[in-house]
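Asker: Would you mind keeping the following structure in view while I ask a few things?
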Amino acid sequence: MSEILRVEHLKKYFDTPAGPLHAVDDVSFTIKAGSTLGVVGESGCGKTTLGRVVLQLQDKTDGKIIFDGQDVSSVDKKGWRALRDDMQIIFQDPMSSLDPRMSVREIIEEPLKLQRKLNKEERITRVKELMDTVGIAERFENAYPHELDGGRRQRIGIARALALNPKFIVCDEPVSALDVSIQAQVLNLLMDLQDELKLSYLFITHDLSVVKYISDEIVVMYLGQIVERASSAELFASPMHPYTQALLSAIPVPDVHAKKDRIILEGEITSPVNPRPGCRLAARCKYATEVCKNPQTPEEVAPGHYVSCCRAHEIRQ
Amino acid sequence: MAKYILKRILWMIPIIIGVIFLVFTLMYFTPGDPARNALGMTATEEAIEAWNAEHGLDQGFWVRLFNYYKGILHFDFGTSYTNGVSIAGEILSRFPYTILVGMLTLVIAVAVGIPTGVLAATHQNTWIDNLCMAGTMFFTAMPGFWFCLVMVMFFSLRLGWTPVSGYETWRHYIIPCVAMGVGSSAGIARQTRSSMLEVIRQDYVTTARAKGQKERNITYNHCLRNGMIPILTVIGGFLAFLISGSLVSEQIFSIPGMGVYMFKGIQQKDVPVVLGCTVVIAIYFCVIMLVTDIVYTIVDPRMKTAMISISKKVRKDGKK
Amino acid sequence: MSEKAFLQIKDLSVQYTSDHQTIHAVNGTSLRLERGETLGLVGETGAGKTTIAKTILRILPDKAAKVAGGEIWFDGQELLGLKEEEMRKIRGNRISMIFQDPMTALNPTMVVGYQIQEAILLHNSCTREEAKTRAGDMLEKVGIPRERYDDYPHQFSGGMKQRVVIAMALACNPELLLADEPTTALDVTIQAQVLEMMSGLKKEFQTAMVMITHDLGIVAEVCDKVAVCYAGVIVESGTAEEIFDHPAHPYTVGLFGSLPDMTGTRNRLTPINGMMPDPTELPSGCYFAGRCPHATAACRSVRPEMKHLGGTHDCRCIVKGGEQ
Amino acid sequence: MKRQNRKKSQAAIVMKRLFRNKTAVIGMAVIIILLLIAIFAEQLMPYDYAFQDYYALFQPPGGDYLLGTDHLGRDLLSRLIYGCRISLVIGLFSVILSALIGGALGCVAGYYGGMTDNLIMRFLDVYQSVPAFVLALAMSSVFGYGVPMTILALGISGMSGYARMMRGSIMTIKGAEYIEAARAVKGNDLHIILKHIIPNAISPMIVNMSMGVGNAILMVSMLGFVGMGVPAPTPEWGAMLAAGRNYMRDSGYLVVIPGIAIVITVMAFNLFGDGLRDALDPKLKD
C-alpha cells in the first residue's frame, strides 16, 4: 500500500505570556492510503492542533508534510486552497462548525461553489447525492443547523467534507459530542464511506474504545509528543509505555465480571509551556528515574511498534 | 496588581495628550472671533491685534498647540478669554459641586436600581416584574432634564416643598439628585435584572440550593455578586455620563459646577475654558475606568488573573 | 415488596412548559433503593435522568417545571408533600447531589473552603471555627491539601474542582448521594482517580448512591443495581449482573450493540436506528417502538407494563419481556 | 421535527418572530405612526407651526387649539407634529452615519487585528474619554446649527460605540469554528468576509442602531434644550421644552407635552430594538 500522508518532525509552538507552548513537538508519522490512523490522548495533549497543522489551517512552526508523494511543506496559501480538493476536515462540534445563518443546502453547496467546477444544476444534484450518501432526508435541505439534532448536524459536516471528493480527511473528535446510539450510527457511516470512497482518515479522539474500533494504526500523544505508536491490535494487546498502560487500564469496561487491575496515575496533566528536555510523564510516572530526564527517542520494540520510553524494556519484565 | 495600576496610570498620559489634540483641533476650526467676543463690537482693529498677540492667537496652529502642552506640564490651564480669570482656580472651586451632586445621584441610582432589578428578576414574568420593567422602560426613554423640570413643577412650584434652584442648603440638592438618580436607576435596574436572570440559571446556584441554602442567601450571596460585573460596567458608564448630565442639570438648578462653566465656554468660544474642562473630564473619565476595573477584581477574583495577563500581553505585543 | 424501601419513587411524572409547549420529561418512573446500595440510572441525553434527581431534591426551576404526579418516599417521609422549610433541612444534609460539570458547579466568586463550610453551617449547630476545621478535613479527605481552603475555583483544574464538589456533597455525611454524571467532563485518567476516590468514600460513609450516567462501563464498575431510562420511563431494571449478562429490553440490547467492543477486532457496530421521540409529542404506544427491530402493531398502540422476569429483573416490553 | 419543504428566507423568519412579540409590535406600530406623521406633517398640522396668534397666548389644552398655545400664541400641536419630523430625521440619519463610520472602523480593526487594530483602538480610547454629549456640543459649534449640521455632529460624536461593538463581534466570529470550516473548503478572505462574517455581524449592529435612534433623539432634545441644535423658529422638541420652561409656573403643559412626545418616541424605538434582538438570534427555535 502506498503512503497518502507522511509527517516528519512537525512542530507547532504558541506564544503565551508564560513562554512558548509546545502544542505539537516533533511529531512524525505516516498514513497508508485507505487506512485510518487514530490519534488518542487527553485534553491538552495537542491532538486537535496536530489535525489543524497537518491541513495548514494553522501555520506550522517547523517540520515536513508530504501528501500523496508531493512535499507540501512550503506550499503557499493559494497552493493549499488547491490541495483542499484532496484534504478535508470534520469538526468536533457540529453546532459551532456550521454557520448558523446558512441552510443545510447552502452549507453543503459552499465548497462546490468555491471549487467553480459545476454549474448550478449540477451542484444541486450533487448536494442531493451527498445528502443521500450521509443519510439526511431531502426534506431537511432548507432547514437551519439549530433546527436539527446533533447526529444530523454531524452528518452535514461529513457531507460538506465529502463534497470535493477528497482522498484524505482529518476527523477531529467527530463523535464525542454525540450520544452512544447516535455515535455508533456515525461511526458506521464513516467506515462505510471509507470502504466505498477509498478514504484515508486521521482520526483524533480521546475515546479509547472508539479509536480501537476505527483505527488500523494508533498513536498515543502526551503533552505534544507521541509516546507510543503501533497497530491497533498490538497496542491494545501489549501496551509498552507507562502512559498507554495507565490510559488503557483507566477505561471502565462494560462487563460486570471483568477483572480490574487498575494503574492510577498520580497528579494531573500540566501544560507543555517551556518544557524541559526529557520524558514529560516523568513527574507522574511511578517508574521514573534519573535517566528519564534525558530526551526520549522512539524505539522499535516490535515490528511497527514504537515506544518513546527508555525504561520500556525494564518495565515489561 | 500594583504594577498593573501603575501601568494604567501611565497610560493616561497619551490619552490626555490625544484628548487635548482632539479638542484643540475642534476648537481651532470653530468659527467666531474670540477677540471680538471679549472686547465687544466697538473695539478697534489695533486693540484686537494687541489682544490676539497677548493671548498668542497670532501664532500658527502647531505653536499654539505646543504652548498649550507646555502650560499643562506646569498645571497652567491659562486664563479665560472672557474675564481673564485663572481657569485652574475656577475649575477647582467648581468641581466639588459637580462631584457632590454626582455622588448623591449615584447613591440614589444604585439604591433604587439594584433592588428593583433583583425584585424583577426573582419574580420573573409576574406582575411585579412587568411593573418594574415598564417603569424602567419609561425612565430610560425619558430625557433627564425633562424629569427635573417636571419634579420642580410639582414639588417646588405646586407644593412648595423644596426651593426651585440654588445650592446653599441641603434642601436645594434634593430635587436634582432625586430626579437624576431615579432617572438613571432605570439602566442599572435593567442590567441587574438581566444579569441576575443569567446567573440564576447557572449550575452553582442549583448547587447552593441543593446544599439547602435559603433562597434569600442564594439571591444575595451567590447570585448578585456573580452578576455584578456587567452592573458595575453600567455604573461606570453612568459615572462617566454624569458630566454630560451636569451640563444640563446645573443650568436648570443654577448649581455653580463644572457643567455650567464648560457650557458657557463652548457658547462663548472661550477656548482655554473648554480645553481646561475637557482635560479635567478626561482625567476624571480615566480614573473612573481604572477604579471600575479595580472593583471588578475585588468582586470577581477571575478578573485579576485576566487583567494581569492582558497587561503582560500588551507588553509583548508592543515588543513585536 | 409493598413495604417502603429507603428511597422509593412511584409513578413520577414531570413536565416542563415553555412557549405553549409541554415537554414530557419524566413519564411514570418508579425506582427503589435500599440503604448503602448503589443504583446506576442509565440513559442517553434527554432520557430524563437529571430531572429525576432534581425532583428528588425538589430543585427544579419553579415556574417551568411541574410534577404532574407520583410520590417520592425517603426513609418513611413523602418528599413531594413536605413544606419547603422541611425540605431545605434535608437538602445537602440527608440527601445531596454532585453535578455533572465541575467547571460550572462551583461559585466562581467564593473561596472553595467557604463553599464547603456553607453546607456544614446550614445543617449543624456549630461555630464558624468548627465548621471551618471540618471543611478543611473534608478537603483533605478528597485529596486536596488544607492550605488550599482560601483558593478560588478558577485556580483548580477540572479534576480538582470535581473533588471539591464531592467534598461539598459529603460534608454533612448524607444518607443518599445523587451523582449526576460526575466524571463525564473529566479525562479518562482523572475519571479513574475520581471514581476510585468516590467508591472509597462511599464505603467509609455508608452512603446510598444513585449514579446517573450514560457510560455502561462506569455502571459495571460501581453499581449494584441498574435502571435503564428511555424517554422518561424505566424500561428495564435489575441487579448489575442481570442487566449486563441477560439484557432483555431491545433498547438495552441496542445500547450494548452501540458500544465498540474493547476485546474484539474491528467490525461493524449494531446501533439503534433513528432517534429518541420528540418529548413534546410522545407516541401512543411503547416509546421505543419507532426504533425497535421487534416492534409489532400492538407495540404501537398499547403502552407496555413492567413485567417481572425473575429475581429482581423487570422489563417493560410486550414482545421481549417473557422470552427469557 | 416539522417538515421543511419550502425554503424560508431569513427575513421571513425574523418577521414571524417579531410579530409574535407583543411589545415589539406596539413599538413598531408607534414608529410607523410617527413616520407617517413626519412624512405628512404639512397635511396634518391644523395651523402653520410658525403662525403667531397674539389674541391667544398661553391657551391651555382644549378649545380651538387642541393642545394649547405657547408664549407667542403658536399652536402646540402643529409644532409637535413638525417637530416629529425634525427629531426622526436627525435621529435616523445621525445613527446611520454613526453606524457607517463606526462599523467601518470596527470592521477594519477586528478583521486585520495587530497594528491596525491597536491604532484604531487607541484612537477610540482618546475619543471616548470625552463624553459624547460634550463632543456633540463642541462639534455643533464647529459645524454650525441646522438639521444637516446636527446630524453631522451627532453622527460623528456617536460612532465610537458602534466601532467597539463591530470590532467585538467580528473578533468573536473570526474565532468561530465555522470560519475555519469555510477556510477548509477553499474559502478565501473575501468569501469569508462577505458570506460568513458580515451576515453574522450585521444583526447586533441593526439591534444597536434601533436602540441608537432612541438615544440620538434624546441627544437632539438635549442639544435643543441648551439652544445648540436646530435654530428657531423651527420647532424642535427640546427647544420647545426650553422655551416652555420659563412659563412652567402657570403653563405646565408647555413643558409636560413635548416631554411626553419625546418619551413615546424613544420608548417605541427601544421596544422595537428589544424585540428585534430576540427575533434576530439565530439560535432561538421557532
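Residues are named by chain letter and number: chains run A, B, ... in the order of the C-alpha cells, numbers start at 1 in each chain, and ligands are numbered from 1 in the order shown.
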Could the residues of chain A within 12 Å of chain B, counting only C-alpha atoms, be given as a list in words, please?

Answerer: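 Going by the stated atoms only, the list reads Asp15, Thr16, Pro17, Ala18 and Gly19 of chain A.
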
Asker: Can those selected residues be exported to a file as an mmCIF file, in the first residue's frame so that it contains C-alpha atoms?

Answerer:
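Final output, saved to again.cif:
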```cif
data_model
loop_
_atom_site.group_PDB
_atom_site.id
_atom_site.type_symbol
_atom_site.label_atom_id
_atom_site.label_comp_id
_atom_site.auth_asym_id
_atom_site.auth_seq_id
_atom_site.Cartn_x
_atom_site.Cartn_y
_atom_site.Cartn_z
ATOM 1 C CA ASP A 15 3.440 32.203 22.202
ATOM 2 C CA THR A 16 1.931 32.595 25.647
ATOM 3 C CA PRO A 17 2.705 35.115 28.373
ATOM 4 C CA ALA A 18 4.495 32.350 30.274
ATOM 5 C CA GLY A 19 6.660 31.282 27.328
#
```

Asker: Counting only C-alpha atoms, collect the residues of chain A whose closest atom lies at most 8 Å from chain D, and write them out as a short mmCIF file (atom, residue, chain, number, x, y, z; two decimals) with N, CA and C atoms, in the first residue's frame.

Answerer:
```cif
data_model
loop_
_atom_site.label_atom_id
_atom_site.label_comp_id
_atom_site.auth_asym_id
_atom_site.auth_seq_id
_atom_site.Cartn_x
_atom_site.Cartn_y
_atom_site.Cartn_z
N LEU A 57 -4.40 24.65 8.46
CA LEU A 57 -5.40 25.64 8.88
C LEU A 57 -4.76 26.52 9.94
N ARG A 81 -5.10 26.11 -1.07
CA ARG A 81 -6.50 26.14 -1.46
C ARG A 81 -6.78 25.05 -2.50
N ALA A 82 -5.82 24.85 -3.41
CA ALA A 82 -6.00 23.80 -4.41
C ALA A 82 -5.93 22.42 -3.73
N ARG A 84 -6.99 21.55 -0.95
CA ARG A 84 -8.18 21.23 -0.16
C ARG A 84 -9.16 20.34 -0.94
N ASP A 85 -8.97 20.25 -2.28
CA ASP A 85 -9.78 19.30 -3.03
C ASP A 85 -9.56 17.89 -2.50
N GLN A 88 -9.52 17.15 3.58
CA GLN A 88 -10.66 17.79 4.24
C GLN A 88 -10.68 17.53 5.73
N ILE A 89 -11.61 18.16 6.43
CA ILE A 89 -11.69 18.00 7.87
C ILE A 89 -13.15 17.91 8.33
N PHE A 91 -15.27 18.45 11.88
CA PHE A 91 -15.00 19.08 13.17
C PHE A 91 -15.71 18.38 14.33
N SER A 96 -20.96 24.50 16.31
CA SER A 96 -20.17 25.71 16.10
C SER A 96 -19.42 25.66 14.78
N SER A 97 -19.37 24.50 14.11
CA SER A 97 -18.65 24.49 12.85
C SER A 97 -19.58 24.70 11.66
N LEU A 98 -20.88 24.89 11.94
CA LEU A 98 -21.81 25.21 10.86
C LEU A 98 -22.30 26.65 11.05
N ASP A 99 -22.21 27.44 10.01
CA ASP A 99 -22.66 28.82 10.09
C ASP A 99 -24.16 28.85 10.40
N PRO A 100 -24.55 29.46 11.54
CA PRO A 100 -25.96 29.41 11.94
C PRO A 100 -26.90 30.10 10.96
N ARG A 101 -26.37 30.91 10.07
CA ARG A 101 -27.24 31.63 9.14
C ARG A 101 -27.30 30.99 7.76
N GLU A 110 -21.47 25.08 -0.40
CA GLU A 110 -20.40 26.08 -0.33
C GLU A 110 -19.09 25.62 -0.97
N PRO A 111 -18.57 24.44 -0.60
CA PRO A 111 -17.31 24.02 -1.23
C PRO A 111 -17.43 23.88 -2.74
N LEU A 114 -17.22 27.23 -4.34
CA LEU A 114 -15.87 27.77 -4.30
C LEU A 114 -14.95 27.03 -5.28
N GLN A 115 -15.29 25.77 -5.55
CA GLN A 115 -14.46 25.00 -6.47
C GLN A 115 -14.68 25.44 -7.92
N ARG A 139 -35.95 16.39 2.77
CA ARG A 139 -36.81 17.45 3.29
C ARG A 139 -36.07 18.41 4.22
N PHE A 140 -34.87 18.05 4.64
CA PHE A 140 -34.13 18.94 5.55
C PHE A 140 -33.27 19.96 4.80
N GLU A 141 -33.32 19.95 3.47
CA GLU A 141 -32.33 20.78 2.77
C GLU A 141 -32.47 22.27 3.06
N ASN A 142 -33.67 22.69 3.44
CA ASN A 142 -33.82 24.11 3.75
C ASN A 142 -33.85 24.40 5.24
N ALA A 143 -33.54 23.42 6.04
CA ALA A 143 -33.52 23.64 7.49
C ALA A 143 -32.22 24.34 7.88
N HIS A 146 -29.55 24.87 13.69
CA HIS A 146 -30.09 24.82 15.04
C HIS A 146 -31.41 24.07 15.11
N GLU A 147 -32.03 23.83 13.96
CA GLU A 147 -33.30 23.10 13.96
C GLU A 147 -33.08 21.59 13.96
N ALA A 161 -17.53 17.85 4.02
CA ALA A 161 -16.16 17.40 3.82
C ALA A 161 -16.05 16.50 2.58
#
```

Asker: Output as a count of residues only all residues of segment 150-198 of chain A that backbone DSSP marks as helix (DSSP H, G or I).

Answerer: 31

Asker: Which residue out of A:His241, A:Arg123, A:His257, A:Arg284 has the minimum interatomic distance to Ala312 of chain A when only C-alpha atoms are used?

Answerer: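 So, comparing all the options, the nearest one is A:His241.
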
Asker: May I have a table of the residues of chain C lying at most 12 Å from chain D, giving each one's closest pair of atoms and their distance in Å to one decimal, counting only C-alpha atoms, ordered by chain and ascending residue number, as CSV?

Answerer:
```
residue,atom,partner,partner_atom,distance
C:Ser18,CA,D:Lys285,CA,11.6
C:Asp19,CA,D:Asp286,CA,9.7
C:His20,CA,D:Asp286,CA,11.7
C:Gln21,CA,D:Asp286,CA,11.5
C:Met275,CA,D:Met1,CA,11.0
C:Met276,CA,D:Met1,CA,11.5
C:Pro277,CA,D:Met1,CA,9.6
C:Asp278,CA,D:Met1,CA,7.6
C:Pro279,CA,D:Met1,CA,10.9
C:Thr280,CA,D:Met1,CA,10.3
C:Glu281,CA,D:Met1,CA,10.0
```

Asker: Which residues come within 7 Å of Gly102 of chain D, counting only C-alpha atoms, excluding same-chain residues fewer than 4 positions away, as a PDB file with N, CA, C and O atoms, in the first residue's frame?

Answerer:
```pdb
ATOM      1  N   SER D  98     -23.368  57.331  12.174  1.00  0.00           N
ATOM      2  CA  SER D  98     -22.536  56.722  13.219  1.00  0.00           C
ATOM      3  C   SER D  98     -22.210  55.283  12.874  1.00  0.00           C
ATOM      4  O   SER D  98     -21.073  54.841  12.982  1.00  0.00           O
ATOM      5  N   GLY D 106     -14.654  49.573  13.018  1.00  0.00           N
ATOM      6  CA  GLY D 106     -14.651  48.337  13.797  1.00  0.00           C
ATOM      7  C   GLY D 106     -14.311  47.136  12.940  1.00  0.00           C
ATOM      8  O   GLY D 106     -13.560  46.255  13.350  1.00  0.00           O
ATOM      9  N   MET D 159     -20.084  57.679  17.067  1.00  0.00           N
ATOM     10  CA  MET D 159     -19.661  56.495  16.325  1.00  0.00           C
ATOM     11  C   MET D 159     -18.852  55.499  17.150  1.00  0.00           C
ATOM     12  O   MET D 159     -18.790  54.320  16.799  1.00  0.00           O
ATOM     13  N   SER D 160     -18.252  55.934  18.266  1.00  0.00           N
ATOM     14  CA  SER D 160     -17.278  55.052  18.922  1.00  0.00           C
ATOM     15  C   SER D 160     -17.914  53.763  19.454  1.00  0.00           C
ATOM     16  O   SER D 160     -17.315  52.699  19.372  1.00  0.00           O
ATOM     17  N   TYR D 162     -20.392  52.073  18.204  1.00  0.00           N
ATOM     18  CA  TYR D 162     -20.583  51.143  17.095  1.00  0.00           C
ATOM     19  C   TYR D 162     -19.266  50.497  16.700  1.00  0.00           C
ATOM     20  O   TYR D 162     -19.211  49.320  16.366  1.00  0.00           O
ATOM     21  N   ALA D 163     -18.199  51.310  16.709  1.00  0.00           N
ATOM     22  CA  ALA D 163     -16.906  50.765  16.320  1.00  0.00           C
ATOM     23  C   ALA D 163     -16.495  49.654  17.275  1.00  0.00           C
ATOM     24  O   ALA D 163     -16.097  48.562  16.853  1.00  0.00           O
TER      25      ALA D 163
END
```

Asker: Counting only C-alpha atoms, what are the residues of chain D within 8 Å of chain B, and for each of them which pair of atoms is the nearest and at what distance in Å, to one decimal? Sort the table by chain and rising number, as JSON lines.

Answerer:
```
{"residue": "D:Phe123", "atom": "CA", "partner": "B:Gly18", "partner_atom": "CA", "distance": 8.0}
{"residue": "D:Asp125", "atom": "CA", "partner": "B:Ile15", "partner_atom": "CA", "distance": 7.0}
{"residue": "D:Val126", "atom": "CA", "partner": "B:Ile15", "partner_atom": "CA", "distance": 5.2}
{"residue": "D:Tyr127", "atom": "CA", "partner": "B:Val19", "partner_atom": "CA", "distance": 7.0}
{"residue": "D:Ser129", "atom": "CA", "partner": "B:Ala282", "partner_atom": "CA", "distance": 5.0}
{"residue": "D:Val130", "atom": "CA", "partner": "B:Ala282", "partner_atom": "CA", "distance": 5.9}
{"residue": "D:Pro131", "atom": "CA", "partner": "B:Phe241", "partner_atom": "CA", "distance": 6.5}
{"residue": "D:Ala132", "atom": "CA", "partner": "B:Ser244", "partner_atom": "CA", "distance": 7.8}
{"residue": "D:Phe133", "atom": "CA", "partner": "B:Ser244", "partner_atom": "CA", "distance": 5.8}
{"residue": "D:Val134", "atom": "CA", "partner": "B:Ser244", "partner_atom": "CA", "distance": 6.4}
{"residue": "D:Leu137", "atom": "CA", "partner": "B:Ile266", "partner_atom": "CA", "distance": 7.5}
{"residue": "D:Ala138", "atom": "CA", "partner": "B:Ile266", "partner_atom": "CA", "distance": 6.6}
{"residue": "D:Met139", "atom": "CA", "partner": "B:Leu26", "partner_atom": "CA", "distance": 6.9}
{"residue": "D:Ser141", "atom": "CA", "partner": "B:Thr30", "partner_atom": "CA", "distance": 6.2}
{"residue": "D:Val142", "atom": "CA", "partner": "B:Thr30", "partner_atom": "CA", "distance": 4.2}
{"residue": "D:Phe143", "atom": "CA", "partner": "B:Thr30", "partner_atom": "CA", "distance": 7.5}
{"residue": "D:Gly214", "atom": "CA", "partner": "B:Ala141", "partner_atom": "CA", "distance": 7.3}
{"residue": "D:Leu218", "atom": "CA", "partner": "B:Pro143", "partner_atom": "CA", "distance": 6.0}
{"residue": "D:Ser221", "atom": "CA", "partner": "B:Pro143", "partner_atom": "CA", "distance": 7.8}
{"residue": "D:Met222", "atom": "CA", "partner": "B:Pro143", "partner_atom": "CA", "distance": 7.6}
{"residue": "D:Val226", "atom": "CA", "partner": "B:Val248", "partner_atom": "CA", "distance": 7.2}
{"residue": "D:Leu241", "atom": "CA", "partner": "B:Trp146", "partner_atom": "CA", "distance": 7.8}
{"residue": "D:Arg245", "atom": "CA", "partner": "B:Leu149", "partner_atom": "CA", "distance": 7.6}
{"residue": "D:Met248", "atom": "CA", "partner": "B:Met153", "partner_atom": "CA", "distance": 6.8}
{"residue": "D:Arg249", "atom": "CA", "partner": "B:Leu157", "partner_atom": "CA", "distance": 6.3}
{"residue": "D:Gly252", "atom": "CA", "partner": "B:Met153", "partner_atom": "CA", "distance": 7.2}
{"residue": "D:Val255", "atom": "CA", "partner": "B:Val150", "partner_atom": "CA", "distance": 7.6}
{"residue": "D:Val256", "atom": "CA", "partner": "B:Val150", "partner_atom": "CA", "distance": 7.0}
{"residue": "D:Gly259", "atom": "CA", "partner": "B:Trp146", "partner_atom": "CA", "distance": 6.2}
{"residue": "D:Ile262", "atom": "CA", "partner": "B:Met142", "partner_atom": "CA", "distance": 7.1}
{"residue": "D:Val263", "atom": "CA", "partner": "B:Met142", "partner_atom": "CA", "distance": 5.0}
{"residue": "D:Ile264", "atom": "CA", "partner": "B:Ala141", "partner_atom": "CA", "distance": 7.6}
{"residue": "D:Val266", "atom": "CA", "partner": "B:Ala141", "partner_atom": "CA", "distance": 5.1}
{"residue": "D:Met267", "atom": "CA", "partner": "B:Ala141", "partner_atom": "CA", "distance": 5.1}
{"residue": "D:Asn270", "atom": "CA", "partner": "B:Ala141", "partner_atom": "CA", "distance": 7.7}
```

Asker: Can you write just those residues out, C-alpha atoms, as a PDB file, in the first residue's frame?

Answerer:
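What landed in again_14.pdb:
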```
ATOM      1  CA  PHE D 123      -7.783  56.434  18.892  1.00  0.00           C
ATOM      2  CA  ASP D 125      -9.709  55.347  23.805  1.00  0.00           C
ATOM      3  CA  VAL D 126      -8.989  59.028  23.319  1.00  0.00           C
ATOM      4  CA  TYR D 127     -12.268  59.623  21.584  1.00  0.00           C
ATOM      5  CA  SER D 129     -12.516  59.973  27.085  1.00  0.00           C
ATOM      6  CA  VAL D 130     -14.608  62.935  26.030  1.00  0.00           C
ATOM      7  CA  PRO D 131     -18.288  62.356  26.807  1.00  0.00           C
ATOM      8  CA  ALA D 132     -20.381  62.053  23.653  1.00  0.00           C
ATOM      9  CA  PHE D 133     -22.599  64.989  24.567  1.00  0.00           C
ATOM     10  CA  VAL D 134     -19.615  67.280  25.130  1.00  0.00           C
ATOM     11  CA  LEU D 137     -21.716  70.252  21.676  1.00  0.00           C
ATOM     12  CA  ALA D 138     -18.222  71.087  20.508  1.00  0.00           C
ATOM     13  CA  MET D 139     -18.903  69.714  17.050  1.00  0.00           C
ATOM     14  CA  SER D 141     -20.307  74.744  17.497  1.00  0.00           C
ATOM     15  CA  VAL D 142     -17.807  73.880  14.756  1.00  0.00           C
ATOM     16  CA  PHE D 143     -20.328  72.872  12.114  1.00  0.00           C
ATOM     17  CA  GLY D 214     -33.900  56.466  20.651  1.00  0.00           C
ATOM     18  CA  LEU D 218     -32.670  62.138  23.418  1.00  0.00           C
ATOM     19  CA  SER D 221     -33.571  67.170  22.549  1.00  0.00           C
ATOM     20  CA  MET D 222     -30.718  67.843  24.947  1.00  0.00           C
ATOM     21  CA  VAL D 226     -29.439  74.078  25.674  1.00  0.00           C
ATOM     22  CA  LEU D 241     -39.231  72.453  26.277  1.00  0.00           C
ATOM     23  CA  ARG D 245     -39.553  76.257  30.930  1.00  0.00           C
ATOM     24  CA  MET D 248     -43.864  76.465  33.684  1.00  0.00           C
ATOM     25  CA  ARG D 249     -45.261  78.019  36.852  1.00  0.00           C
ATOM     26  CA  GLY D 252     -47.003  73.490  32.844  1.00  0.00           C
ATOM     27  CA  VAL D 255     -43.160  71.501  29.431  1.00  0.00           C
ATOM     28  CA  VAL D 256     -45.120  68.316  30.002  1.00  0.00           C
ATOM     29  CA  GLY D 259     -41.605  65.716  27.052  1.00  0.00           C
ATOM     30  CA  ILE D 262     -40.030  62.504  23.396  1.00  0.00           C
ATOM     31  CA  VAL D 263     -40.738  59.654  25.826  1.00  0.00           C
ATOM     32  CA  ILE D 264     -43.190  57.961  23.464  1.00  0.00           C
ATOM     33  CA  VAL D 266     -37.755  56.955  22.353  1.00  0.00           C
ATOM     34  CA  MET D 267     -39.698  54.179  24.029  1.00  0.00           C
ATOM     35  CA  ASN D 270     -36.304  50.863  22.447  1.00  0.00           C
TER      36      ASN D 270
END
```

Asker: What residues in chain C lie within 10 Å of chain A, counting only C-alpha atoms, written as a ChimeraX atom specification?

Answerer: /C:43-45,157-160,186-193,195-196,214-224,240-245,251,254-276

Asker: For chain C, work out the contacting residues on chain B at 12 Å, counting only C-alpha atoms, and write them as a ChimeraX atom specification.

Answerer: /B:122-126,199-215,217-218,221-229,296-306

Asker: Write out as a compact mmCIF listing (two decimals) with C-alpha atoms, in the first residue's frame which residues come within 9 Å of Ala243 of chain D when counting only C-alpha atoms, dropping same-chain ones fewer than 6 positions away.

Answerer:
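Final output, saved to selection_18.txt:
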```txt
# COMPACT_ATOMS: atom_id res chain seq x y z
CA ASP D 70 -47.24 78.91 23.66
CA HIS D 71 -46.00 82.35 24.70
CA PHE D 225 -32.78 72.30 25.24
CA LEU D 254 -45.76 73.64 27.66
CA VAL D 255 -43.16 71.50 29.43
```

Asker: Between C:Gly48, C:Lys132, C:Gly36, C:Gln117, which residue has the minimum interatomic distance to Thr213 of chain C, considering only C-alpha atoms?

Answerer: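 Using only C-alpha atoms, Thr213 of chain C sits closest to C:Gly48.
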
Asker: Would you compute the distance between atom CA of Ala159 of chain A and atom CA of Phe288 of chain C? Give it in Å to one decimal.

Answerer: 28.6 Å

Asker: With only C-alpha atoms as the atoms that count, which of C:Val14, C:Met306, C:Val112, C:Leu178 lies nearest to Leu33 of chain C?

Answerer: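 Among the listed residues, the smallest separation from Leu33 of chain C belongs to C:Leu178.
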